[in-house]
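Participant: Enclosed is the structure file target.cif (mmCIF, C-alpha atoms and all ligand atoms).
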```cif
data_data
#
loop_
_atom_site.label_atom_id
_atom_site.label_comp_id
_atom_site.auth_asym_id
_atom_site.auth_seq_id
_atom_site.Cartn_x
_atom_site.Cartn_y
_atom_site.Cartn_z
CA MET Q 1 -12.99 -10.00 13.32
CA LEU Q 2 -11.91 -6.81 15.02
CA ASN Q 3 -11.94 -3.88 12.57
CA LEU Q 4 -10.16 -1.08 14.44
CA ASP Q 5 -11.30 1.50 11.86
CA PRO Q 6 -15.08 1.02 11.57
CA SER Q 7 -15.04 2.48 8.04
CA PHE Q 8 -12.42 -0.07 6.87
CA THR Q 9 -13.71 -3.64 6.78
CA PRO Q 10 -11.52 -5.33 4.13
CA LEU Q 11 -12.31 -8.87 5.30
CA GLY Q 12 -15.97 -8.20 6.01
CA GLU Q 13 -17.79 -7.88 9.30
CA ASN Q 14 -18.52 -11.52 10.16
CA ASN Q 15 -18.40 -12.15 13.91
CA SER Q 16 -17.35 -8.55 14.46
CA ILE Q 17 -16.12 -7.86 17.96
CA THR Q 18 -17.65 -4.76 19.49
CA HIS Q 19 -15.18 -2.28 20.91
CA LYS Q 20 -14.67 1.38 21.65
CA SER Q 21 -11.36 3.07 20.97
CA PHE Q 22 -10.39 6.65 21.73
CA LEU Q 23 -7.44 8.89 22.55
CA PHE Q 24 -6.79 9.98 26.12
CA ALA Q 25 -6.25 13.71 26.59
CA GLY Q 26 -2.54 12.94 26.98
CA GLY Q 27 -2.51 11.57 23.41
CA GLU Q 28 -2.38 7.81 24.16
CA PRO Q 29 -4.74 5.47 22.28
CA HIS Q 30 -7.03 3.30 24.39
CA ILE Q 31 -9.52 0.51 23.68
CA LYS Q 32 -12.34 -1.26 25.52
CA ILE Q 33 -13.27 -4.60 23.96
CA ASP Q 34 -16.71 -6.11 24.61
CA GLY Q 35 -16.21 -9.64 25.98
CA ASN Q 36 -19.30 -10.95 24.23
CA PHE Q 37 -17.44 -13.31 21.81
CA ASP Q 38 -15.87 -16.77 21.91
CA GLN Q 39 -12.39 -16.11 23.23
CA LYS Q 40 -11.22 -19.61 22.26
CA GLU Q 41 -11.61 -18.72 18.57
CA PRO Q 42 -8.88 -17.00 16.51
CA VAL Q 43 -9.29 -13.23 16.10
CA THR Q 44 -8.21 -11.15 13.09
CA ILE Q 45 -7.46 -7.46 13.66
CA THR Q 46 -7.64 -5.14 10.65
CA GLN Q 47 -6.19 -1.65 10.61
CA ARG Q 48 -5.07 1.11 8.23
CA ILE Q 49 -1.83 2.58 9.50
CA ASN Q 50 -1.53 6.32 8.97
CA SER Q 51 0.35 7.19 12.13
CA PHE Q 52 2.39 5.74 14.98
CA ASN Q 53 -0.75 5.87 17.12
CA ASP Q 54 -2.51 3.57 14.64
CA LEU Q 55 0.24 1.03 15.34
CA GLY Q 56 -0.03 1.79 19.07
CA LEU Q 57 -3.72 0.97 18.94
CA ILE Q 58 -2.86 -2.42 17.42
CA CYS Q 59 -0.32 -3.10 20.20
CA ILE Q 60 -2.76 -2.36 23.02
CA THR Q 61 -5.54 -4.28 21.26
CA VAL Q 62 -3.32 -7.37 21.04
CA ASP Q 63 -2.50 -6.99 24.73
CA ALA Q 64 -6.17 -6.67 25.67
CA LEU Q 65 -7.12 -9.73 23.58
CA LYS Q 66 -4.34 -11.83 25.12
CA ARG Q 67 -5.49 -10.79 28.60
CA MET Q 68 -9.01 -11.97 27.62
CA GLY Q 69 -7.52 -15.39 26.79
CA VAL Q 70 -7.37 -15.18 23.00
CA LYS Q 71 -4.53 -17.45 21.87
CA GLU Q 72 -4.48 -16.99 18.08
CA ILE Q 73 -4.35 -13.46 16.72
CA HIS Q 74 -3.96 -12.50 13.06
CA LEU Q 75 -3.26 -9.00 11.77
CA TYR Q 76 -4.25 -7.47 8.42
CA ILE Q 77 -2.39 -4.18 7.71
CA PRO Q 78 -2.32 -3.62 3.94
CA TYR Q 79 0.02 -0.61 4.06
CA PHE Q 80 3.13 -1.60 5.97
CA PRO Q 81 4.57 1.49 7.68
CA ALA Q 82 7.95 2.67 6.41
CA ALA Q 83 8.21 -0.24 3.96
CA ARG Q 84 10.04 2.32 1.78
CA GLN Q 85 12.67 3.04 4.43
CA ASP Q 86 14.25 -0.35 3.77
CA ARG Q 87 17.87 0.75 3.61
CA VAL Q 88 20.01 3.39 5.26
CA MET Q 89 20.91 5.81 2.48
CA ILE Q 90 23.05 8.20 4.53
CA PRO Q 91 24.50 7.90 8.04
CA GLY Q 92 22.12 9.23 10.66
CA GLU Q 93 19.00 7.67 9.14
CA PRO Q 94 17.08 4.78 10.76
CA LEU Q 95 16.20 1.46 9.18
CA SER Q 96 12.56 2.24 9.99
CA VAL Q 97 11.05 -0.82 8.36
CA LYS Q 98 12.97 -3.00 10.82
CA VAL Q 99 11.83 -0.89 13.77
CA TYR Q 100 8.18 -1.46 12.80
CA ALA Q 101 8.78 -5.15 12.02
CA ASP Q 102 10.48 -5.68 15.40
CA ILE Q 103 7.55 -4.09 17.24
CA ILE Q 104 5.04 -6.28 15.39
CA ASN Q 105 7.19 -9.42 15.76
CA SER Q 106 7.29 -8.85 19.53
CA MET Q 107 3.53 -9.49 19.64
CA ALA Q 108 4.03 -13.08 18.36
CA LEU Q 109 1.06 -13.00 15.99
CA ALA Q 110 -0.15 -16.04 14.06
CA SER Q 111 0.05 -14.11 10.79
CA VAL Q 112 0.53 -10.58 9.48
CA THR Q 113 -0.98 -9.88 6.07
CA VAL Q 114 0.35 -6.98 4.01
CA PHE Q 115 -0.56 -5.79 0.52
CA ASP Q 116 2.09 -5.06 -2.12
CA PRO Q 117 4.96 -4.07 0.20
CA HIS Q 118 7.56 -1.75 -1.32
CA SER Q 119 10.28 -4.41 -1.46
CA GLU Q 120 11.21 -7.90 -0.33
CA VAL Q 121 12.65 -6.45 2.88
CA THR Q 122 9.24 -6.25 4.62
CA PRO Q 123 8.34 -9.96 4.27
CA ALA Q 124 11.95 -10.88 5.07
CA LEU Q 125 11.81 -9.01 8.39
CA LEU Q 126 8.27 -9.79 9.41
CA ASN Q 127 7.50 -13.11 11.11
CA ASN Q 128 4.58 -15.14 9.69
CA CYS Q 129 4.11 -12.59 6.92
CA ILE Q 130 1.51 -13.20 4.21
CA THR Q 131 1.93 -10.98 1.17
CA ILE Q 132 -0.91 -10.12 -1.19
CA SER Q 133 0.54 -9.14 -4.58
CA ASN Q 134 -0.81 -6.35 -6.79
CA HIS Q 135 -1.66 -8.83 -9.58
CA GLU Q 136 -5.42 -8.98 -9.11
CA PHE Q 137 -5.54 -5.21 -8.51
CA ILE Q 138 -3.80 -4.52 -11.84
CA LYS Q 139 -6.00 -7.04 -13.63
CA GLN Q 140 -9.08 -5.17 -12.42
CA VAL Q 141 -7.54 -1.81 -13.36
CA ILE Q 142 -6.94 -3.00 -16.93
CA ALA Q 143 -10.50 -4.34 -17.11
CA LYS Q 144 -11.76 -0.89 -16.07
CA ILE Q 145 -9.57 0.85 -18.68
CA GLY Q 146 -11.12 -1.54 -21.18
CA SER Q 147 -8.40 -1.47 -23.85
CA GLU Q 148 -4.83 -2.62 -24.35
CA VAL Q 149 -2.09 -0.76 -22.45
CA LYS Q 150 1.66 -1.01 -22.19
CA LEU Q 151 2.81 -1.62 -18.61
CA ILE Q 152 5.27 1.02 -17.45
CA SER Q 153 7.79 0.27 -14.72
CA PRO Q 154 8.83 3.64 -13.22
CA ASP Q 155 12.16 2.61 -11.71
CA GLY Q 156 14.54 -0.17 -10.76
CA GLY Q 157 12.59 -0.92 -7.57
CA ALA Q 158 9.40 -1.64 -9.49
CA LEU Q 159 11.12 -3.73 -12.14
CA LYS Q 160 11.12 -7.12 -10.39
CA LYS Q 161 7.43 -6.86 -9.66
CA ILE Q 162 6.25 -5.65 -13.04
CA TYR Q 163 7.47 -8.72 -14.93
CA LYS Q 164 5.47 -10.90 -12.52
CA VAL Q 165 2.40 -8.73 -13.18
CA SER Q 166 2.97 -9.08 -16.92
CA GLU Q 167 3.28 -12.87 -16.59
CA PHE Q 168 0.06 -12.97 -14.53
CA LEU Q 169 -1.70 -11.01 -17.27
CA GLY Q 170 -0.49 -13.40 -19.96
CA GLY Q 171 2.52 -11.43 -21.20
CA ALA Q 172 1.50 -7.74 -21.40
CA GLU Q 173 4.27 -5.58 -22.89
CA VAL Q 174 6.55 -3.88 -20.35
CA VAL Q 175 8.46 -0.64 -20.87
CA GLU Q 176 11.27 -0.02 -18.40
CA CYS Q 177 12.02 3.47 -17.09
CA SER Q 178 14.36 4.99 -14.54
CA LYS Q 179 14.79 8.11 -12.45
CA SER Q 180 17.45 9.56 -10.18
CA ARG Q 181 16.75 10.74 -6.63
CA ASP Q 182 19.19 12.86 -4.64
CA VAL Q 183 19.28 10.92 -1.35
CA LYS Q 184 20.10 14.10 0.61
CA THR Q 185 17.31 16.33 -0.73
CA GLY Q 186 14.86 13.76 -2.13
CA ARG Q 187 14.82 15.74 -5.42
CA LEU Q 188 14.03 13.73 -8.55
CA SER Q 189 15.66 14.18 -11.94
CA GLY Q 190 16.77 12.38 -15.09
CA PHE Q 191 13.62 10.45 -16.06
CA LYS Q 192 14.45 7.94 -18.77
CA VAL Q 193 12.14 5.77 -20.89
CA TYR Q 194 13.90 2.80 -22.46
CA ALA Q 195 11.93 2.80 -25.73
CA ASP Q 196 12.42 4.82 -28.91
CA ASP Q 197 8.81 5.45 -29.89
CA LEU Q 198 5.69 4.37 -27.98
CA GLY Q 199 3.66 4.72 -31.18
CA GLY Q 200 0.77 6.63 -29.59
CA GLU Q 201 -0.18 3.60 -27.49
CA ASP Q 202 -1.83 3.98 -24.11
CA CYS Q 203 0.37 3.38 -21.07
CA LEU Q 204 -0.32 2.26 -17.51
CA ILE Q 205 2.32 3.14 -14.91
CA VAL Q 206 2.32 0.55 -12.12
CA ASP Q 207 3.89 1.27 -8.71
CA ASP Q 208 3.36 0.60 -5.03
CA ILE Q 209 3.05 4.11 -3.56
CA CYS Q 210 2.11 7.56 -4.81
CA ASP Q 211 3.24 10.10 -2.23
CA GLY Q 212 3.74 13.60 -3.65
CA GLY Q 213 3.46 12.32 -7.21
CA GLY Q 214 6.78 13.77 -8.44
CA THR Q 215 7.85 10.37 -9.79
CA PHE Q 216 4.74 10.05 -11.90
CA ASN Q 217 4.52 13.65 -13.17
CA GLY Q 218 8.18 13.51 -14.25
CA LEU Q 219 7.71 10.15 -15.88
CA ALA Q 220 4.52 11.27 -17.63
CA GLU Q 221 6.45 14.07 -19.36
CA ALA Q 222 9.17 11.63 -20.43
CA LEU Q 223 6.53 9.18 -21.75
CA LYS Q 224 4.74 11.94 -23.70
CA ALA Q 225 8.10 12.95 -25.19
CA LYS Q 226 8.35 9.36 -26.46
CA ASN Q 227 4.93 9.59 -28.17
CA ALA Q 228 2.80 7.84 -25.53
CA GLY Q 229 -1.00 7.83 -25.97
CA LYS Q 230 -3.29 8.18 -22.96
CA LEU Q 231 -1.61 7.80 -19.58
CA TYR Q 232 -3.04 5.90 -16.63
CA LEU Q 233 -1.58 5.36 -13.16
CA ALA Q 234 -2.15 2.33 -10.91
CA ILE Q 235 -0.89 2.74 -7.36
CA SER Q 236 -1.46 0.18 -4.63
CA HIS Q 237 -1.19 2.70 -1.79
CA GLY Q 238 -2.45 6.21 -2.47
CA ILE Q 239 -1.05 8.86 -0.11
CA PHE Q 240 -1.41 11.72 -2.63
CA SER Q 241 0.20 14.22 -0.25
CA LYS Q 242 0.28 16.97 -2.90
CA GLY Q 243 -3.25 16.48 -4.19
CA PHE Q 244 -4.25 16.03 -7.81
CA ASP Q 245 -3.65 19.39 -9.51
CA ASP Q 246 -0.46 18.21 -11.23
CA LEU Q 247 -1.29 14.49 -11.49
CA GLY Q 248 -4.64 15.41 -13.06
CA LYS Q 249 -2.88 17.23 -15.91
CA TYR Q 250 -1.13 14.07 -17.05
CA PHE Q 251 -3.35 11.10 -16.20
CA GLU Q 252 -6.70 10.17 -17.71
CA GLN Q 253 -7.48 8.23 -14.55
CA ILE Q 254 -5.62 7.21 -11.41
CA PHE Q 255 -6.41 3.86 -9.81
CA THR Q 256 -5.68 2.97 -6.22
CA THR Q 257 -7.02 0.88 -3.33
CA ASP Q 258 -8.38 1.90 0.05
CA SER Q 259 -5.25 0.64 1.88
CA ILE Q 260 -4.48 4.10 3.32
CA LYS Q 261 -7.65 6.20 3.07
CA GLU Q 262 -10.77 6.93 1.10
CA VAL Q 263 -10.24 9.31 -1.83
CA GLU Q 264 -13.05 11.40 -3.28
CA HIS Q 265 -11.87 12.82 -6.61
CA PRO Q 266 -13.31 12.49 -10.12
CA GLY Q 267 -9.88 11.57 -11.48
CA VAL Q 268 -9.42 8.69 -9.04
CA THR Q 269 -11.00 5.24 -9.09
CA GLN Q 270 -10.63 3.27 -5.86
CA ILE Q 271 -10.81 -0.51 -5.93
CA LYS Q 272 -11.65 -1.85 -2.51
CA LEU Q 273 -9.24 -4.36 -0.99
CA GLN Q 274 -12.18 -6.56 -0.06
CA ASP Q 275 -12.68 -7.06 -3.81
CA ILE Q 276 -9.09 -8.08 -4.55
CA GLN Q 277 -8.26 -10.77 -2.01
O1 LIG X 1 7.23 10.49 -6.26
P1 LIG X 1 6.40 10.22 -5.05
O2 LIG X 1 4.94 10.04 -5.36
O3 LIG X 1 6.61 11.25 -3.97
O4 LIG X 1 6.94 8.87 -4.38
C1 LIG X 1 6.58 7.62 -4.89
C2 LIG X 1 7.78 6.82 -5.31
O5 LIG X 1 8.64 6.65 -4.21
C3 LIG X 1 8.90 5.27 -4.03
O6 LIG X 1 9.19 4.96 -2.74
C4 LIG X 1 7.67 4.59 -4.54
O7 LIG X 1 7.89 3.23 -4.84
C5 LIG X 1 7.41 5.43 -5.76
O8 LIG X 1 8.26 5.01 -6.82
#
```
Could you quickly redo this structure as structure tokens?
Facilitator:
Amino acid sequence: MLNLDPSFTPLGENNSITHKSFLFAGGEPHIKIDGNFDQKEPVTITQRINSFNDLGLICITVDALKRMGVKEIHLYIPYFPAARQDRVMIPGEPLSVKVYADIINSMALASVTVFDPHSEVTPALLNNCITISNHEFIKQVIAKIGSEVKLISPDGGALKKIYKVSEFLGGAEVVECSKSRDVKTGRLSGFKVYADDLGGEDCLIVDDICDGGGTFNGLAEALKAKNAGKLYLAISHGIFSKGFDDLGKYFEQIFTTDSIKEVEHPGVTQIKLQDIQ
């Protein structure tokens, strides 16, 4: 096991390979791997990707391992970079998910494990991809809430996945919602809840990513307008780029994993990926 971020050990620390990584003054990542391990054995690299350099560190680590004679290398990157940029909305934009997939595919890895990717595009583009669904995560979230909730699908993208979650949970009720996003400005509008009256029942919004939180604040208002009870939010990948001031007004509790970072906030419960394999 080679955990590139020492504070992120989602598959444990068995047979951990000692290494030192750092940035050169010019900004390039570098690594020195201690050769004190059996180089005939497969190696799994784990990493949280928050920047292009985090991917760069993976690339140079794979190179170093191959030069040491390691033949079978696995990669565990729960948050797949740019999984959301899976189509070109307007001319001039990149298909970023393919750029990242191409870079990773070029390393010819034995497997690449990702957690709850935004869409089916990531596993379609990525060679030897293993996908971990959000099913077990949501099951644990509901156990922590401790009472019945309606599952809320925020938009069309989340719809396919939420019915599989519901099936996994034995048929939990799903409420479909939608939103509109201006592809030029990114502005959100027109939140719709496809139910007449939620009857004061508690609701759990399930989605892959919370970035600024605009999707969930807008949806929370629309749910409250339809007589929702307590609101909860379960997000596989918590970026939370705009903090919790607004989200905290609407949600009793926000649940996420440690796929991107550690979050210290009383309104947030983090379930560790090592507990939801
Ligand atoms: O509204 P914010 O939190 O910025 O963005 C999160 C939404 O953007 C989508 O890609 C995610 O799947 C989610 O629905």
Participant: Which chain Q residues have any atom within 6 Å of an atom of ligand LIG 1 (chain X), and for each, what is the nearest pair of atoms with distance in Å to one decimal, counting all atoms listed in the file, rows sorted by chain and number, as a Markdown table?
Facilitator:
```
| residue | atom | partner | partner_atom | distance |
| --- | --- | --- | --- | --- |
| Q:Arg84 | CA | X:LIG1 | O6 | 5.3 |
| Q:Asp207 | CA | X:LIG1 | O7 | 5.9 |
| Q:Asp208 | CA | X:LIG1 | O7 | 5.2 |
| Q:Ile209 | CA | X:LIG1 | C4 | 4.7 |
| Q:Cys210 | CA | X:LIG1 | O2 | 3.8 |
| Q:Asp211 | CA | X:LIG1 | O2 | 3.6 |
| Q:Gly212 | CA | X:LIG1 | O3 | 3.7 |
| Q:Gly213 | CA | X:LIG1 | O2 | 3.3 |
| Q:Gly214 | CA | X:LIG1 | O1 | 4.0 |
| Q:Thr215 | CA | X:LIG1 | O1 | 3.6 |
```
Participant: Store the residues picked out above in a file with C-alpha atoms, as a compact mmCIF listing (two decimals), in the coordinates of the input.
Facilitator:
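Output contents, as saved in result29.txt:
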```txt
# COMPACT_ATOMS: atom_id res chain seq x y z
CA ARG Q 84 10.04 2.32 1.78
CA ASP Q 207 3.89 1.27 -8.71
CA ASP Q 208 3.36 0.60 -5.03
CA ILE Q 209 3.05 4.11 -3.56
CA CYS Q 210 2.11 7.56 -4.81
CA ASP Q 211 3.24 10.10 -2.23
CA GLY Q 212 3.74 13.60 -3.65
CA GLY Q 213 3.46 12.32 -7.21
CA GLY Q 214 6.78 13.77 -8.44
CA THR Q 215 7.85 10.37 -9.79
```
Participant: For Leu125 in chain Q, which of Q:Lys98, Q:Lys20, Q:Lys272, Q:Lys139 is the closest residue, counting all atoms listed in the file?
Facilitator: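 Looking only at the distances to Leu125 in chain Q, the closest residue turns out to be Q:Lys98.
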Participant: Considering only C-alpha atoms, give me a table of residues in range 54-156 of chain Q that are at most 10 Å from range 218-229 of chain Q, with the closest atom pair and distance in Å for each, as JSON lines.
Facilitator:
```
{"residue": "Q:Val149", "atom": "CA", "partner": "Q:Gly229", "partner_atom": "CA", "distance": 9.3}
{"residue": "Q:Lys150", "atom": "CA", "partner": "Q:Ala228", "partner_atom": "CA", "distance": 9.5}
{"residue": "Q:Ile152", "atom": "CA", "partner": "Q:Leu223", "partner_atom": "CA", "distance": 9.3}
{"residue": "Q:Ser153", "atom": "CA", "partner": "Q:Leu219", "partner_atom": "CA", "distance": 9.9}
{"residue": "Q:Pro154", "atom": "CA", "partner": "Q:Leu219", "partner_atom": "CA", "distance": 7.1}
{"residue": "Q:Asp155", "atom": "CA", "partner": "Q:Leu219", "partner_atom": "CA", "distance": 9.7}
```
Participant: Neighbours of Thr269 in chain Q within 10 Å (only C-alpha atoms; same-chain residues fewer than 4 positions away dropped), as a PyMOL selection string?
Facilitator: chain Q and resi 141+144+234+253-257+263-265
Participant: Excluding Asp102 in chain Q and residues on its chain fewer than 4 positions from it, collect all residues at most 12 Å away from it, counting all atoms listed in the file, and give them as a PyMOL selection string.
Facilitator: chain Q and resi 95-98+106-109+122+124-127
Participant: Within 9 Å of Glu13 in chain Q, counting all atoms listed in the file, which residues qualify if same-chain residues fewer than 2 places away don't, as a PyMOL selection string?
Facilitator: chain Q and resi 1-3+9-11+15-17
Participant: Looking at Q:Glu252, Q:Glu41, Q:Glu28, Q:Asp116, which one is nearest to Ile73 in chain Q, with distances taken over all atoms listed in the file?
Facilitator: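 Of Q:Glu252, Q:Glu41, Q:Glu28, Q:Asp116, the one nearest Ile73 in chain Q is Q:Glu41, counting all atoms listed in the file.
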Participant: With all atoms listed in the file as the basis for distance, which of Q:Phe168, Q:Tyr163, Q:Leu273, Q:Ser147 is at the shortest distance from Lys230 in chain Q?
Facilitator: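 Going through Q:Phe168, Q:Tyr163, Q:Leu273, Q:Ser147 one by one, the smallest distance to Lys230 in chain Q is for Q:Ser147.
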Participant: Can you work out which one of Q:Pro78, Q:Gly186, Q:Pro6, Q:Gly243 has the shortest atom-to-atom distance to Ile90 in chain Q, counting only C-alpha atoms?
Facilitator: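 Of Q:Pro78, Q:Gly186, Q:Pro6, Q:Gly243, the one nearest Ile90 in chain Q is Q:Gly186, counting only C-alpha atoms.
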